[in-house]
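Q: Below is structure_4.tsv; it holds TSV, C-alpha atoms.
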```
chain	number	residue	atom	x	y	z
A	2	MET	CA	118.75	109.50	137.67
A	3	ASP	CA	120.30	106.07	138.06
A	4	LEU	CA	119.49	103.87	135.06
A	5	THR	CA	121.71	100.99	136.19
A	6	PRO	CA	118.72	98.73	137.01
A	7	TYR	CA	117.55	99.16	133.39
A	8	ILE	CA	120.86	98.51	131.65
A	9	GLY	CA	119.72	95.09	130.43
A	10	TRP	CA	116.76	96.68	128.67
A	11	ILE	CA	118.85	99.52	127.32
A	12	VAL	CA	121.40	97.11	125.84
A	13	PHE	CA	118.55	94.92	124.54
A	14	LEU	CA	117.06	97.95	122.77
A	15	HIS	CA	120.50	98.82	121.34
A	16	VAL	CA	121.06	95.28	120.00
A	17	ALA	CA	117.50	94.95	118.67
A	18	ALA	CA	117.91	98.25	116.82
A	19	ALA	CA	121.21	96.99	115.39
A	20	PHE	CA	119.39	93.91	114.03
A	21	LEU	CA	116.68	96.09	112.44
A	22	PHE	CA	119.35	98.41	111.04
A	23	ALA	CA	121.17	95.44	109.48
A	24	ALA	CA	117.91	93.91	108.22
A	25	GLY	CA	116.82	97.13	106.52
A	26	HIS	CA	120.16	97.45	104.80
A	27	GLY	CA	120.16	93.75	103.96
A	28	VAL	CA	116.95	94.15	101.98
A	29	SER	CA	118.46	97.08	100.11
A	30	MET	CA	121.64	95.11	99.35
A	31	PHE	CA	119.56	92.18	98.08
A	32	VAL	CA	117.74	94.59	95.77
A	33	ALA	CA	121.03	96.03	94.47
A	34	PHE	CA	122.15	92.56	93.40
A	35	GLN	CA	118.70	91.34	92.28
A	36	LEU	CA	118.33	94.27	89.87
A	37	ARG	CA	121.09	92.73	87.76
A	38	ARG	CA	119.00	89.59	87.19
A	39	GLU	CA	115.75	91.41	86.46
A	40	THR	CA	114.80	92.31	82.89
A	41	ASP	CA	111.34	93.79	83.41
A	42	ARG	CA	111.61	97.54	84.07
A	43	GLY	CA	108.37	97.64	86.05
A	44	ARG	CA	109.65	94.97	88.40
A	45	MET	CA	112.93	96.87	88.73
A	46	LEU	CA	110.99	99.94	89.89
A	47	ALA	CA	109.04	97.77	92.35
A	48	LEU	CA	112.30	96.40	93.75
A	49	LEU	CA	113.62	99.94	94.14
A	50	ASP	CA	110.46	100.85	96.06
A	51	VAL	CA	110.98	97.86	98.39
A	52	SER	CA	114.53	99.06	98.99
A	53	ALA	CA	113.37	102.59	99.77
A	54	VAL	CA	110.83	101.35	102.33
A	55	SER	CA	113.38	99.05	103.98
A	56	LEU	CA	115.73	101.99	104.40
A	57	ILE	CA	113.06	103.86	106.36
A	58	THR	CA	113.24	101.02	108.90
A	59	ALA	CA	117.04	101.22	108.87
A	60	THR	CA	116.96	104.99	109.44
A	61	ILE	CA	114.62	104.75	112.43
A	62	ALA	CA	116.66	101.84	113.78
A	63	VAL	CA	119.96	103.74	113.59
A	64	LEU	CA	118.46	106.57	115.62
A	65	VAL	CA	117.27	104.13	118.31
A	66	LEU	CA	120.64	102.35	118.13
A	67	LEU	CA	122.49	105.62	118.71
A	68	VAL	CA	120.30	106.83	121.58
A	69	ALA	CA	120.32	103.45	123.36
A	70	GLY	CA	124.06	103.06	122.74
A	71	ILE	CA	124.86	106.52	124.08
A	72	VAL	CA	122.71	105.94	127.16
A	73	ALA	CA	124.30	102.50	127.71
A	74	GLY	CA	127.75	104.08	127.38
A	75	ILE	CA	126.87	106.67	130.01
A	76	VAL	CA	125.33	104.15	132.41
A	77	LEU	CA	128.26	101.72	132.02
A	78	GLN	CA	130.81	104.57	132.16
A	79	SER	CA	132.38	103.43	128.88
A	80	TYR	CA	133.38	106.85	127.54
A	81	GLY	CA	136.80	106.61	129.17
A	82	ARG	CA	137.63	103.70	126.87
A	83	ALA	CA	138.75	104.08	123.26
A	84	TRP	CA	136.64	101.27	121.75
A	85	ILE	CA	133.38	103.19	122.16
A	86	TRP	CA	134.80	106.31	120.49
A	87	VAL	CA	136.29	104.28	117.65
A	88	SER	CA	132.90	102.59	117.19
A	89	LEU	CA	131.07	105.92	117.00
A	90	VAL	CA	133.60	107.39	114.57
A	91	LEU	CA	133.42	104.27	112.40
A	92	LEU	CA	129.61	104.45	112.31
A	93	VAL	CA	129.74	108.07	111.17
A	94	VAL	CA	132.50	107.46	108.60
A	95	ILE	CA	130.79	104.36	107.19
A	96	GLY	CA	127.48	106.23	106.96
A	97	GLY	CA	129.25	109.16	105.32
A	98	LEU	CA	130.77	106.85	102.70
A	99	MET	CA	127.79	104.60	102.08
A	100	THR	CA	125.02	107.19	101.90
A	101	PRO	CA	126.21	109.05	98.79
A	102	LEU	CA	127.31	105.80	97.12
A	103	GLY	CA	124.01	104.01	97.75
A	104	VAL	CA	121.71	106.98	97.14
A	105	GLY	CA	123.65	107.89	94.00
A	106	HIS	CA	123.56	104.37	92.58
A	107	PHE	CA	119.84	103.86	93.19
A	108	ALA	CA	119.04	107.37	91.87
A	109	ARG	CA	120.96	106.67	88.65
A	110	VAL	CA	119.04	103.40	88.22
A	111	ARG	CA	115.70	105.14	88.81
A	112	GLN	CA	116.59	107.83	86.28
A	113	ALA	CA	117.70	105.19	83.77
A	114	LEU	CA	114.26	103.63	84.21
A	115	GLY	CA	112.60	106.99	83.49
A	116	GLN	CA	111.54	107.81	87.05
A	117	LYS	CA	112.10	111.06	88.89
A	118	THR	CA	114.36	110.97	91.92
A	119	ARG	CA	114.17	112.73	95.25
A	120	GLY	CA	116.48	115.55	94.16
A	121	MET	CA	114.34	116.53	91.18
A	122	LYS	CA	111.71	119.26	91.29
A	123	PRO	CA	108.06	118.35	90.60
A	124	GLU	CA	108.03	120.63	87.55
A	125	ASP	CA	111.11	118.92	86.05
A	126	PRO	CA	110.30	116.63	83.14
A	127	ASP	CA	110.51	112.90	83.68
A	128	PRO	CA	113.94	111.52	82.80
A	129	VAL	CA	114.22	109.83	79.43
A	130	PRO	CA	114.54	106.06	79.99
A	131	ALA	CA	117.98	104.74	79.11
A	132	SER	CA	118.57	102.12	76.47
A	133	ASP	CA	118.83	98.49	77.53
A	134	ASP	CA	122.59	98.58	76.96
A	135	ALA	CA	123.01	101.73	79.07
A	136	LEU	CA	120.85	100.25	81.85
A	137	THR	CA	122.85	97.01	81.79
A	138	ALA	CA	126.10	98.96	82.05
A	139	LEU	CA	124.74	100.83	85.05
A	140	LEU	CA	123.48	97.66	86.75
A	141	THR	CA	126.79	95.85	86.27
A	142	SER	CA	128.74	98.60	88.01
A	143	ARG	CA	130.60	97.55	91.15
A	144	ALA	CA	128.56	99.87	93.39
A	145	PRO	CA	126.75	96.97	95.16
A	146	GLU	CA	130.04	95.21	95.90
A	147	THR	CA	131.58	98.44	97.17
A	148	LEU	CA	128.59	99.08	99.43
A	149	LEU	CA	128.69	95.52	100.73
A	150	ALA	CA	132.41	95.71	101.47
A	151	ILE	CA	132.17	99.04	103.29
A	152	GLY	CA	128.93	98.32	105.14
A	153	GLY	CA	129.49	94.64	105.87
A	154	GLY	CA	133.12	95.07	106.83
A	155	GLY	CA	132.32	98.10	108.95
A	156	PHE	CA	129.41	96.34	110.64
A	157	PHE	CA	131.59	93.40	111.66
A	158	LEU	CA	134.39	95.68	112.83
A	159	ILE	CA	131.98	97.64	115.04
A	160	LEU	CA	130.46	94.38	116.27
A	161	TRP	CA	133.95	93.13	117.21
A	162	LEU	CA	134.66	96.37	119.07
A	163	MET	CA	131.36	96.16	120.96
A	164	MET	CA	131.79	92.52	121.90
A	165	PHE	CA	135.47	92.40	122.85
A	166	LYS	CA	136.16	96.02	123.89
A	167	PRO	CA	139.87	95.60	123.05
A	168	PHE	CA	141.01	99.04	124.22
```
Taking this structure as input, can you express it in the form of structure tokens?

A:
Amino acid sequence: MDLTPYIGWIVFLHVAAAFLFAAGHGVSMFVAFQLRRETDRGRMLALLDVSAVSLITATIAVLVLLVAGIVAGIVLQSYGRAWIWVSLVLLVVIGGLMTPLGVGHFARVRQALGQKTRGMKPEDPDPVPASDDALTALLTSRAPETLLAIGGGGFFLILWLMMFKPF
């Protein structure tokens, strides 16, 4: 089946999904930094919930991004070029680095606020809320900066590869 007449739409879908992917992660990054300024624990939990919902959008978007990107690569016969493979490997490596860092950081904050996390069983007792000093120490960790450096830097590197196709 020749999809060449639809390549504009396929690339549009790929780019739109990339915007949604970045937007979903942008909300989560904003939350990571905003938590440091917040003092009300209830509002902190609400911010964490906003982050979790935004990451659902990012997860759906990355799936669309991958499918549309793979189809575009096939239609445009790009798989003989290195840039597309480097882009795919970078996306996997960045995701592999960021997921445990981000999930771990937000799970530790939730537990410090006395809320169960995804990995806990329903019959497990609620975590004991951490002291204000312990919570502050957790919130001032460099996890948000590390996530921003890996994700932001990786995003722009992949964008450069996609735009300029250097090799």

Q: Pick out the residues sitting within 9 Å of Ala131 of chain A, and hand them over as an NGL selection string; count all atoms listed in the file, and ignore anything fewer than 4 positions along from it in its own chain.

A: :A and (112-115 or 135-136)

Q: How many Å separate atom CA of Ser132 of chain A from atom CA of Ala144 of chain A?

A: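 Spanning atom CA of Ser132 of chain A to atom CA of Ala144 of chain A is a straight-line distance of 19.8 Å.
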
Q: For the contact check between segment 36-144 of chain A and segment 8-12 of chain A, emit one row per residue of segment 36-144 of chain A within 8 Å, containing the shortest atom pair and the distance in Å rounded to one decimal, counting only C-alpha atoms, chain then rising number order, as a Markdown table.

A:
```
| residue | atom | partner | partner_atom | distance |
| --- | --- | --- | --- | --- |
| A:Ala69 | CA | A:Ile11 | CA | 5.8 |
| A:Gly70 | CA | A:Val12 | CA | 7.2 |
| A:Val72 | CA | A:Ile11 | CA | 7.5 |
| A:Ala73 | CA | A:Ile11 | CA | 6.2 |
| A:Val76 | CA | A:Ile8 | CA | 7.2 |
```

Q: Would you save the residues from that selection as a PDB file, in the frame of the given file, using C-alpha atoms?

A:
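Saved result, selection.pdb, follows:
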```pdb
ATOM      1  CA  ALA A  69     120.320 103.450 123.360  1.00  0.00           C
ATOM      2  CA  GLY A  70     124.060 103.060 122.740  1.00  0.00           C
ATOM      3  CA  VAL A  72     122.710 105.940 127.160  1.00  0.00           C
ATOM      4  CA  ALA A  73     124.300 102.500 127.710  1.00  0.00           C
ATOM      5  CA  VAL A  76     125.330 104.150 132.410  1.00  0.00           C
TER       6      VAL A  76
END
```

Q: Quick one: residues within 12 Å of Ser142 of chain A, only C-alpha atoms counted, chain neighbours fewer than 2 positions away excluded, as a PyMOL selection string?

A: chain A and resi 33-34+36-37+102+106-107+109-110+135-140+144-148

Q: Can you tell me how far atom CA of Thr141 of chain A sits from atom CA of Val51 of chain A, in Å to one decimal?

A: 20.0 Å

Q: Using all atoms listed in the file, which of the listed residues (A:Val63, A:Ile151, A:Gly81, A:Thr40) sits closest to Val94 of chain A?

A: A:Ile151

Q: Mind checking which residues fall within 12 Å of Trp161 of chain A, counting only C-alpha atoms, ignoring those fewer than 4 positions away in the same chain, and posting them as a list in words?

A: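 Skipping anything fewer than 4 positions along the chain leaves Trp84, Ile85, Val87, Ser88, Gly154, Gly155, Phe156, Phe157, Phe165, Lys166, Pro167 and Phe168 of chain A.
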
Q: Using only C-alpha atoms, can you tell me which of A:Leu66, A:Leu149, A:Met99, A:Met30 comes closest to Phe13 of chain A?

A: A:Leu66

Q: Separation of atom CA of Leu92 of chain A and atom CA of Gln78 of chain A, in Å?

A: 19.9 Å

Q: From the set A:Leu4, A:Leu98, A:Val54, A:Ile159, which residue has the shortest atom-to-atom contact distance to Leu77 of chain A, counting all atoms listed in the file?

A: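 Among the listed residues, A:Leu4 lies closest to Leu77 of chain A.
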